[in-house]
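So this one's final-v3.txt, compact mmCIF, C-alpha atoms:
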# COMPACT_ATOMS: atom_id res chain seq x y z
CA MET A 13 30.71 -103.73 26.67
CA ASN A 14 28.18 -106.57 26.81
CA ARG A 15 25.02 -106.70 28.85
CA HIS A 16 26.51 -108.97 31.47
CA GLU A 17 29.33 -106.55 32.15
CA ASP A 18 26.87 -103.66 32.21
CA ARG A 19 24.57 -105.14 34.85
CA MET A 20 25.65 -105.33 38.49
CA LEU A 21 25.31 -108.68 40.16
CA CYS A 22 24.14 -109.09 43.78
CA GLU A 23 27.63 -110.11 44.93
CA GLU A 24 29.12 -106.94 43.49
CA SER A 25 26.22 -104.90 44.80
CA LEU A 26 26.82 -106.04 48.40
CA ASP A 27 30.51 -105.11 48.05
CA VAL A 28 29.73 -101.46 47.18
CA LEU A 29 26.73 -101.11 49.52
CA GLU A 30 28.71 -99.63 52.47
CA ALA A 31 30.43 -97.15 50.18
CA TYR A 32 27.07 -96.12 48.73
CA VAL A 33 25.59 -95.57 52.21
CA ASP A 34 28.60 -93.45 53.22
CA GLY A 35 28.32 -91.44 49.96
CA ASP A 36 31.76 -92.52 48.85
CA LEU A 37 30.70 -94.36 45.67
CA PRO A 38 31.50 -92.66 42.31
CA ALA A 39 28.52 -91.36 40.35
CA GLU A 40 28.69 -94.02 37.60
CA GLU A 41 28.92 -96.88 40.12
CA SER A 42 26.09 -95.35 42.14
CA LEU A 43 23.90 -95.32 39.02
CA ARG A 44 24.61 -99.01 38.27
CA PHE A 45 23.98 -99.86 41.94
CA GLN A 46 20.61 -98.06 41.85
CA GLU A 47 19.65 -99.90 38.62
CA HIS A 48 20.47 -103.20 40.30
CA LEU A 49 18.44 -102.28 43.38
CA ALA A 50 15.43 -101.51 41.19
CA GLY A 51 15.31 -105.13 40.01
CA CYS A 52 16.61 -106.85 43.16
CA PRO A 53 14.38 -106.65 46.27
CA ALA A 54 16.96 -108.62 48.35
CA CYS A 55 19.73 -106.04 47.75
CA ALA A 56 17.22 -103.23 48.31
CA ALA A 57 16.34 -104.77 51.69
CA GLU A 58 20.09 -104.99 52.49
CA LEU A 59 20.46 -101.28 51.67
CA ALA A 60 17.47 -100.39 53.83
CA LEU A 61 18.99 -102.30 56.75
CA ALA A 62 22.40 -100.64 56.30
CA GLU A 63 20.83 -97.18 56.21
CA LYS A 64 18.81 -97.92 59.35
CA ILE A 65 21.93 -99.11 61.23
CA GLN A 66 23.79 -95.95 60.20
CA ARG A 67 20.94 -93.71 61.38
CA GLU A 68 20.78 -95.49 64.71
CA LEU A 69 24.54 -95.34 65.16
CA ARG A 70 24.42 -91.56 64.76
CA THR A 71 21.93 -91.30 67.61
CA LEU A 72 24.34 -93.00 70.04
CA PRO A 73 26.22 -90.64 72.46
CA LEU A 74 29.84 -89.93 71.59
CA PRO A 75 32.24 -91.36 74.22
CA ASP A 76 34.74 -88.90 75.84
CA CYS A 77 38.35 -89.50 75.08
CA PRO A 78 40.32 -90.35 78.24
CA PRO A 79 42.53 -87.35 79.30
CA GLY A 80 45.66 -89.48 79.34
CA VAL A 81 45.16 -90.41 75.70
CA LEU A 82 44.61 -86.78 74.70
CA GLU A 83 47.79 -85.72 76.55
CA LYS A 84 49.79 -88.45 74.83
CA VAL A 85 48.45 -87.34 71.47
CA ARG A 86 49.38 -83.72 72.20
CA ARG A 87 52.89 -84.69 73.28
CA ALA A 88 53.36 -86.82 70.24
CA GLY A 89 52.17 -83.94 68.10
CA LYS A 90 54.57 -81.48 69.74
CA GLY A 91 57.44 -83.88 69.29
CA GLU A 92 56.88 -83.95 65.55
CA VAL A 93 56.84 -80.16 65.18
CA VAL A 94 60.49 -79.39 65.55
CA ALA A 95 60.95 -76.02 63.87
CA PHE A 96 58.63 -73.82 65.92
CA PRO A 97 57.33 -75.63 68.94
CA ARG A 98 54.38 -73.83 70.40
CA ARG A 99 55.09 -72.46 73.86
CA GLU A 100 52.45 -72.61 76.44
CA ARG A 101 51.55 -69.25 77.92
CA THR A 102 51.96 -70.22 81.52
CA LEU A 103 51.62 -67.71 84.37
CA GLY A 104 55.35 -67.93 84.98
CA ARG A 105 56.14 -67.00 81.38
CA ARG A 106 53.72 -64.10 81.49
CA ILE A 107 55.23 -62.79 84.75
CA ALA A 108 58.70 -63.12 83.28
CA ALA A 109 57.63 -61.18 80.17
CA VAL A 110 56.06 -58.41 82.24
CA ALA A 111 59.13 -58.31 84.50
CA ALA A 112 61.43 -58.05 81.49
CA ALA A 113 59.35 -55.19 80.08
CA LEU A 114 59.40 -53.45 83.46
CA VAL A 115 63.17 -53.89 83.83
CA LEU A 116 63.68 -52.44 80.35
CA SER A 117 61.44 -49.44 80.96
CA VAL A 118 62.73 -48.75 84.48
CA GLY A 119 66.32 -49.29 83.40
CA GLY A 120 65.89 -46.96 80.44
CA GLY A 121 64.29 -44.33 82.64
CA ALA A 122 67.03 -44.65 85.24
CA LEU A 123 69.71 -44.32 82.57
CA PHE A 124 68.04 -41.18 81.21
CA LEU A 125 67.82 -39.66 84.71
CA HIS A 126 71.44 -40.59 85.40
CA VAL A 127 72.61 -38.84 82.23
CA GLN A 128 70.63 -35.75 83.20
CA GLN A 129 72.06 -35.86 86.73
CA VAL A 130 75.62 -36.10 85.38
CA GLN A 131 74.94 -33.14 83.09
CA ARG A 132 73.60 -31.09 86.01
CA GLU A 133 76.62 -32.00 88.14
CA ARG A 134 78.98 -30.96 85.36
CA GLU A 135 77.26 -27.60 85.07
CA GLN A 136 77.42 -27.10 88.83
CA ILE A 137 81.12 -28.00 88.90
CA ALA A 138 81.83 -25.62 86.01
CA GLN A 139 79.96 -22.86 87.82
CA ALA A 140 81.74 -23.61 91.11
CA GLU A 141 85.11 -23.58 89.36
CA LEU A 142 84.42 -20.13 87.99
CA GLU A 143 83.31 -18.94 91.41
CA VAL A 144 86.44 -20.35 93.05
CA ARG A 145 88.61 -18.53 90.53
CA TYR A 146 86.57 -15.39 91.09
CA ALA A 147 87.05 -15.63 94.87
CA LEU A 148 90.80 -16.09 94.52
CA ALA A 149 90.98 -13.34 91.92
CA MET A 150 89.15 -11.07 94.36
CA ILE A 151 91.84 -11.77 96.96
CA GLY A 152 94.47 -10.92 94.35
CA LYS A 153 92.62 -7.72 93.52
CA VAL A 154 92.44 -6.67 97.18
CA SER A 155 96.13 -7.45 97.61
CA ARG A 156 97.08 -5.45 94.55
CA ARG A 157 94.82 -2.56 95.53
CA THR A 158 96.41 -2.24 98.94
CA GLY A 159 99.89 -2.75 97.54
CA LEU A 160 100.45 -5.80 99.68
CA ASP A 161 102.13 -9.04 98.93
CA LEU A 162 100.17 -11.59 100.89
CA ARG A 163 102.95 -14.10 100.87
CA ASP A 164 105.60 -11.69 102.11
CA GLN A 165 103.29 -10.26 104.74
CA ILE A 166 102.35 -13.63 106.15
CA LEU A 167 105.86 -15.04 106.01
CA GLN A 168 107.20 -11.94 107.76
CA LYS A 169 104.57 -11.91 110.47
CA HIS A 170 104.17 -15.58 111.17
CA VAL A 171 107.52 -17.15 110.29
CA VAL A 172 110.39 -14.68 110.09
CA SER A 173 109.56 -12.47 113.06
CA PRO A 174 108.68 -15.25 115.54
CA THR A 175 111.84 -17.16 114.54
CA ALA A 176 113.97 -14.06 115.01
CA ARG A 177 112.42 -13.37 118.41
CA GLY A 178 113.01 -16.95 119.49
CA LEU A 179 116.63 -16.86 118.38
CA ALA A 180 117.19 -13.54 120.14
CA ARG A 181 115.78 -14.95 123.38
CA SER A 182 118.00 -18.02 123.05
CA LEU A 183 121.07 -15.92 122.44
CA GLY A 184 120.17 -13.45 125.18
CA VAL A 185 120.15 -10.41 122.93
CA SER A 186 117.39 -7.89 122.34
CA PRO A 187 115.50 -8.58 119.10
CA ALA A 188 115.72 -6.11 116.25
CA PRO A 189 112.64 -3.90 115.84
CA GLU A 190 110.13 -5.31 113.33
CA GLU A 191 109.85 -3.58 110.01
CA PRO A 192 106.37 -2.20 109.58
CA ALA A 193 104.26 -3.40 106.69
CA PRO A 194 104.52 -1.12 103.65
CA GLY A 195 103.58 2.06 105.46
CA ARG A 196 100.21 0.73 106.63
CA ARG A 197 100.11 -1.33 109.79
CA MET B 6 51.55 -41.20 142.55
CA ARG B 7 53.54 -43.98 141.01
CA LYS B 8 52.10 -43.17 137.60
CA THR B 9 53.08 -39.50 138.00
CA MET B 10 56.66 -40.45 138.88
CA ILE B 11 56.97 -42.75 135.88
CA LEU B 12 55.53 -40.08 133.61
CA SER B 13 57.95 -37.45 134.99
CA ILE B 14 60.96 -39.72 134.46
CA LEU B 15 59.78 -40.54 130.96
CA LEU B 16 59.41 -36.84 130.13
CA LEU B 17 62.88 -36.10 131.49
CA VAL B 18 64.42 -38.90 129.44
CA LEU B 19 62.64 -37.74 126.30
CA ALA B 20 63.39 -34.05 126.83
CA ALA B 21 67.11 -34.46 127.58
CA PRO B 22 68.33 -35.10 124.00
CA GLY B 23 66.21 -32.19 122.76
CA ALA B 24 67.78 -29.85 125.27
CA PHE B 25 71.25 -30.91 124.16
CA ALA B 26 70.27 -30.59 120.51
CA GLN B 27 69.14 -27.00 120.99
CA LYS B 28 72.56 -25.94 122.19
CA ALA B 29 74.25 -24.13 119.30
CA PRO B 30 77.35 -25.92 118.03
CA PRO B 31 80.62 -24.01 118.35
CA PRO B 32 81.74 -22.23 115.17
CA ALA B 33 83.86 -24.50 113.02
CA THR B 34 87.51 -23.60 113.00
CA GLY B 35 88.40 -21.24 110.20
CA LEU B 36 84.77 -20.57 109.29
CA LEU B 37 83.30 -17.07 109.44
CA PRO B 38 79.56 -17.50 110.15
CA LEU B 39 78.32 -15.04 107.57
CA ASP B 40 74.70 -16.09 108.03
CA ASP B 41 74.81 -15.51 111.79
CA LEU B 42 76.75 -12.27 111.59
CA ASN B 43 74.43 -10.95 108.87
CA LEU B 44 77.05 -8.47 107.67
CA PHE B 45 75.55 -7.31 104.38
CA PRO B 46 71.86 -7.38 103.43
CA GLU B 47 71.40 -10.29 101.04
CA ASP B 48 69.12 -8.41 98.68
CA LYS B 49 71.80 -5.79 98.05
CA LEU B 50 74.69 -8.16 97.31
CA SER B 51 76.13 -8.06 93.81
CA VAL B 52 78.04 -11.31 94.37
CA GLU B 53 77.42 -14.18 96.72
CA ILE B 54 79.51 -17.33 96.51
CA ASN B 55 79.22 -20.29 98.82
CA ILE B 56 81.11 -23.41 97.81
CA GLU B 57 81.78 -26.14 100.30
CA GLY B 58 82.05 -29.84 100.98
CA ALA B 59 81.43 -32.26 98.14
CA LEU B 60 81.17 -29.57 95.47
CA LEU B 61 84.56 -28.16 96.42
CA ARG B 62 86.09 -31.64 96.26
CA MET B 63 84.50 -32.24 92.85
CA VAL B 64 85.96 -28.98 91.53
CA ALA B 65 89.36 -30.00 92.88
CA GLU B 66 89.03 -33.36 91.16
CA ALA B 67 87.97 -31.74 87.89
CA LEU B 68 90.98 -29.38 87.96
CA LYS B 69 93.61 -32.03 88.63
CA GLY B 70 94.74 -32.28 85.03
CA GLU B 71 94.19 -28.69 83.96
CA ASP B 72 95.49 -26.81 87.02
CA PRO B 73 97.24 -29.10 89.53
CA ASP B 74 98.26 -26.25 91.86
CA LEU B 75 94.73 -24.94 92.21
CA ALA B 76 93.39 -28.49 92.51
CA SER B 77 95.82 -29.22 95.32
CA LEU B 78 94.83 -26.03 97.15
CA LEU B 79 91.10 -26.69 96.77
CA GLY B 80 91.57 -30.26 97.95
CA SER B 81 92.68 -28.95 101.32
CA LEU B 82 89.82 -26.47 101.74
CA ARG B 83 86.48 -26.90 103.48
CA SER B 84 84.63 -23.89 102.13
CA ILE B 85 84.94 -20.68 100.15
CA ARG B 86 82.49 -17.87 100.78
CA VAL B 87 82.37 -14.45 99.17
CA GLN B 88 79.99 -11.54 99.56
CA VAL B 89 80.33 -8.31 97.60
CA LEU B 90 78.24 -5.26 98.44
CA PRO B 91 78.25 -2.33 95.99
CA LEU B 92 78.93 0.94 97.83
CA GLU B 93 76.03 2.93 96.48
CA ASP B 94 72.79 4.40 97.84
CA GLY B 95 74.40 5.12 101.21
CA ASN B 96 75.69 1.59 101.75
CA GLU B 97 79.09 2.90 102.80
CA SER B 98 78.28 3.44 106.45
CA LEU B 99 76.48 0.11 106.59
CA ALA B 100 79.53 -1.62 105.11
CA LYS B 101 81.86 0.12 107.54
CA THR B 102 79.73 -0.91 110.52
CA SER B 103 79.50 -4.49 109.24
CA ILE B 104 83.22 -4.80 108.72
CA GLY B 105 83.80 -3.43 112.22
CA ARG B 106 81.41 -6.05 113.58
CA ALA B 107 83.22 -8.82 111.71
CA VAL B 108 86.59 -7.59 112.99
CA ARG B 109 85.34 -7.68 116.57
CA TRP B 110 83.96 -11.19 116.10
CA LEU B 111 87.20 -12.46 114.55
CA GLU B 112 89.37 -11.00 117.30
CA GLY B 113 87.00 -12.34 119.91
CA GLN B 114 87.40 -15.81 118.43
CA GLY B 115 91.20 -15.64 118.51
CA TRP B 116 91.84 -14.89 114.85
CA LYS B 117 95.15 -13.14 114.19
CA SER B 118 95.23 -9.87 112.33
CA THR B 119 97.77 -10.20 109.56
CA VAL B 120 97.07 -7.10 107.52
CA ARG B 121 95.21 -3.94 108.47
CA VAL B 122 95.15 -0.99 106.11
CA ARG B 123 93.15 2.23 106.44
CA GLU B 124 93.86 4.87 103.85
CA LYS B 125 91.89 7.43 101.88
CA GLY B 126 88.53 5.95 102.72
CA GLU B 127 89.71 2.45 101.90
CA GLU B 128 89.95 -0.29 104.47
CA THR B 129 91.47 -3.76 104.28
CA HIS B 130 91.77 -6.46 106.93
CA ILE B 131 93.20 -9.92 106.57
CA TYR B 132 92.79 -12.35 109.44
CA LEU B 133 94.17 -15.84 109.87
CA LYS B 134 92.92 -18.57 112.16
CA GLU B 135 95.69 -20.84 113.37
CA THR B 136 95.40 -24.11 115.26
CA ASP B 137 98.51 -25.96 116.46
CA GLY B 138 100.68 -23.90 114.14
CA ASN B 139 98.53 -24.65 111.07
CA VAL B 140 96.50 -22.06 109.24
CA MET B 141 92.88 -23.24 109.30
CA GLY B 142 91.11 -20.20 107.91
CA MET B 143 91.55 -16.83 106.26
CA THR B 144 89.16 -13.91 106.17
CA VAL B 145 89.56 -10.86 103.96
CA LEU B 146 87.47 -7.77 104.71
CA ALA B 147 87.89 -4.90 102.31
CA MET B 148 86.23 -1.64 101.34
CA GLY B 149 87.21 0.46 98.37
CA GLU B 150 86.71 1.12 94.65
CA GLY B 151 82.96 1.21 95.09
CA GLU B 152 82.50 -2.10 96.83
CA ALA B 153 82.80 -3.85 100.17
CA VAL B 154 84.07 -7.42 100.13
CA VAL B 155 84.08 -10.30 102.61
CA ILE B 156 85.98 -13.43 101.69
CA ASN B 157 86.29 -16.41 104.01
CA ILE B 158 88.33 -19.47 103.17
CA ALA B 159 88.20 -22.38 105.62
CA GLY B 160 90.46 -25.39 105.59
CA ARG B 161 94.03 -26.35 106.29
CA PHE B 162 96.18 -24.57 103.74
CA ASP B 163 99.28 -22.49 103.14
CA PRO B 164 98.28 -18.83 102.66
CA ALA B 165 101.29 -18.43 100.41
CA ASP B 166 99.59 -20.78 97.93
CA ILE B 167 96.53 -18.55 97.90
CA GLY B 168 98.70 -15.48 97.41
CA ARG B 169 100.60 -17.11 94.55
CA ILE B 170 97.51 -18.48 92.77
CA SER B 171 95.43 -15.34 93.27
CA ARG B 172 98.17 -13.17 91.78
CA GLY B 173 97.83 -15.15 88.55
CA LEU B 174 94.10 -14.47 88.23
CA ASN B 175 92.60 -11.34 86.79
CA ILE B 176 89.14 -10.66 88.07
CA ASP B 177 88.19 -8.59 85.04
CA MET B 178 89.50 -10.83 82.29
CA ASP B 179 89.68 -14.40 83.44
CA LEU B 180 86.00 -15.02 84.06
CA PRO B 181 84.16 -14.32 80.83
CA GLY B 182 81.73 -17.21 81.16
CA LEU B 183 80.71 -16.53 84.70
CA ASP B 184 77.31 -15.15 83.80
CA LYS B 185 76.69 -17.83 81.18
CA VAL B 186 76.95 -20.94 83.31
CA PRO B 187 73.63 -21.72 85.00
CA SER B 188 73.86 -21.69 88.74
CA GLY B 189 72.70 -24.93 90.32
CA ASP B 190 71.77 -23.44 93.68
CA GLY B 191 70.09 -20.23 92.64
CA LYS B 192 72.90 -18.10 94.03
CA LYS B 193 73.72 -14.77 92.48
CA LYS B 194 76.41 -14.77 89.87
CA PRO B 195 79.44 -12.58 89.99
CA GLU B 196 79.06 -9.66 87.62

The structure in this file should be written as structure tokens.
Amino acid sequence: MNRHEDRMLCEESLDVLEAYVDGDLPAEESLRFQEHLAGCPACAAELALAEKIQRELRTLPLPDCPPGVLEKVRRAGKGEVVAFPRRERTLGRRIAAVAAALVLSVGGGALFLHVQQVQREREQIAQAELEVRYALAMIGKVSRRTGLDLRDQILQKHVVSPTARGLARSLGVSPAPEEPAPGRR
Amino acid sequence: MRKTMILSILLLVLAAPGAFAQKAPPPATGLLPLDDLNLFPEDKLSVEINIEGALLRMVAEALKGEDPDLASLLGSLRSIRVQVLPLEDGNESLAKTSIGRAVRWLEGQGWKSTVRVREKGEETHIYLKETDGNVMGMTVLAMGEGEAVVINIAGRFDPADIGRISRGLNIDMDLPGLDKVPSGDGKKKPE
């Protein structure tokens, strides 16, 4: 490398000046730039001016971005994310989520109560069935104890005898005397 | 004066339905009002059964496949009531008086005596309530073998069915689970 190549010229120095001010210049280039500045008051003055402009620019207020632009940027961003688009937590979505949770909990509770109710009803029916059989068995027991046949007794008293009496009246004959119930009535 | 008249009319209008509501309804056909007659003291009953309405229909429905005859009979009934009083501690005279009271009530209400047996300290009465030629109720009153029994079955049925079905049931052997099934209404269980 010769001396000419090693030294930075003013033209080259002005090209890298912005990068140096922004801190983007590589370390080796920065060193060469600083060496040039040391022997070149014109370039040093250019650097001083650039640094002053940058300082003053930073003191300026930042302008707000118009809402329409922000919205467009957001929409464009959403459009690019295809796999898992972020859902906005709107009030409607929250209400729907709460309602779904309520329906699930109430529905589950109702189902549980229904199952219990069905079980209780089954037990009541089973108990009632036994009681019905007991009641009928008790009638059978009373019938057996008194030596009566309920069917024969009732048929005799309420069907056979009235029919016989009616026939006798129709035929004009005196009805036959009724047979008493097995020695009791 | 005008205000008093309006108030009196208003009171009459409001009181009229109440007066009608207080009038006791006539006893349902075929039903023996065990609660009103107060035959046996409740605290001394060994068995009290009271099955009616929806429960009776549910039992009938449940028995359709297993016992169609019994299901058919139960489907035509309105209620089944049983009270059993053990004849101990001097209950005998109480039972006799109660049965006599029930007999008088039944005959006063036009029930027909079908069976009446009095023998060796035992007593059995079977009454039927008929309406337009149809049996609408049956009441069995019995005393003997250490117990007094009142059974009332209300509904439109053929007593022969009850006789036939009851003959096939054994009170001592056919009801082993009776004391194991929990009672839904807190009634006493047959022993």

Pairwise distance for atom CA of Arg106 of chain B and atom CA of Ser155 of chain A, rounded to one decimal in Å: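 Atom-to-atom, atom CA of Arg106 of chain B and atom CA of Ser155 of chain A are spaced 21.8 Å apart.
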
Separation of atom CA of Gln88 of chain B from atom CA of Phe45 of chain B, in Å and rounded to one decimal: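 Pair atom CA of Gln88 of chain B / atom CA of Phe45 of chain B returns 7.8 Å.
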
Between atom CA of Ser103 of chain B and atom CA of Leu44 of chain B - distance in Å to one decimal: 4.9 Å

From the list A:Arg105, A:Arg87, A:Arg177, A:Arg157, the nearest residue to chain B using all atoms listed in the file is A:Arg157

Contacts of segment 63-65 of chain A at 12 Å (only C-alpha atoms; same-chain gap of 5+ positions) as a ChimeraX atom specification: /A:29-35,56-58,70-72

Using only C-alpha atoms, which of the listed residues (A:Met150, A:Ala140, A:Leu82, A:Leu74) sits closest to Gly168 of chain B?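 Smallest separation from Gly168 of chain B among the options: A:Met150.
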
Would you mind writing segment 54-67 of chain A with N, CA and C atoms, as a JSON list (two decimals), in the coordinates of the input?
[["chain", "number", "residue", "atom", "x", "y", "z"],
["A", 54, "ALA", "N", 16.09, -108.15, 47.28],
["A", 54, "ALA", "CA", 16.96, -108.62, 48.35],
["A", 54, "ALA", "C", 18.06, -107.57, 48.65],
["A", 55, "CYS", "N", 18.66, -107.05, 47.56],
["A", 55, "CYS", "CA", 19.73, -106.04, 47.75],
["A", 55, "CYS", "C", 19.13, -104.73, 48.29],
["A", 56, "ALA", "N", 17.88, -104.44, 47.82],
["A", 56, "ALA", "CA", 17.22, -103.23, 48.31],
["A", 56, "ALA", "C", 16.96, -103.34, 49.81],
["A", 57, "ALA", "N", 16.57, -104.54, 50.25],
["A", 57, "ALA", "CA", 16.34, -104.77, 51.69],
["A", 57, "ALA", "C", 17.66, -104.63, 52.47],
["A", 58, "GLU", "N", 18.77, -105.13, 51.85],
["A", 58, "GLU", "CA", 20.09, -104.99, 52.49],
["A", 58, "GLU", "C", 20.45, -103.51, 52.66],
["A", 59, "LEU", "N", 20.14, -102.72, 51.61],
["A", 59, "LEU", "CA", 20.46, -101.28, 51.67],
["A", 59, "LEU", "C", 19.63, -100.60, 52.76],
["A", 60, "ALA", "N", 18.33, -100.98, 52.82],
["A", 60, "ALA", "CA", 17.47, -100.39, 53.83],
["A", 60, "ALA", "C", 17.99, -100.70, 55.24],
["A", 61, "LEU", "N", 18.46, -101.90, 55.44],
["A", 61, "LEU", "CA", 18.99, -102.30, 56.75],
["A", 61, "LEU", "C", 20.26, -101.50, 57.08],
["A", 62, "ALA", "N", 21.13, -101.36, 56.09],
["A", 62, "ALA", "CA", 22.40, -100.64, 56.30],
["A", 62, "ALA", "C", 22.15, -99.15, 56.67],
["A", 63, "GLU", "N", 21.14, -98.60, 55.93],
["A", 63, "GLU", "CA", 20.83, -97.18, 56.21],
["A", 63, "GLU", "C", 20.21, -97.01, 57.61],
["A", 64, "LYS", "N", 19.42, -97.99, 58.02],
["A", 64, "LYS", "CA", 18.81, -97.92, 59.35],
["A", 64, "LYS", "C", 19.89, -98.02, 60.44],
["A", 65, "ILE", "N", 20.84, -98.95, 60.24],
["A", 65, "ILE", "CA", 21.93, -99.11, 61.23],
["A", 65, "ILE", "C", 22.73, -97.80, 61.35],
["A", 66, "GLN", "N", 23.00, -97.21, 60.17],
["A", 66, "GLN", "CA", 23.79, -95.95, 60.20],
["A", 66, "GLN", "C", 23.04, -94.85, 60.95],
["A", 67, "ARG", "N", 21.74, -94.72, 60.69],
["A", 67, "ARG", "CA", 20.94, -93.71, 61.38],
["A", 67, "ARG", "C", 20.97, -93.92, 62.89]]
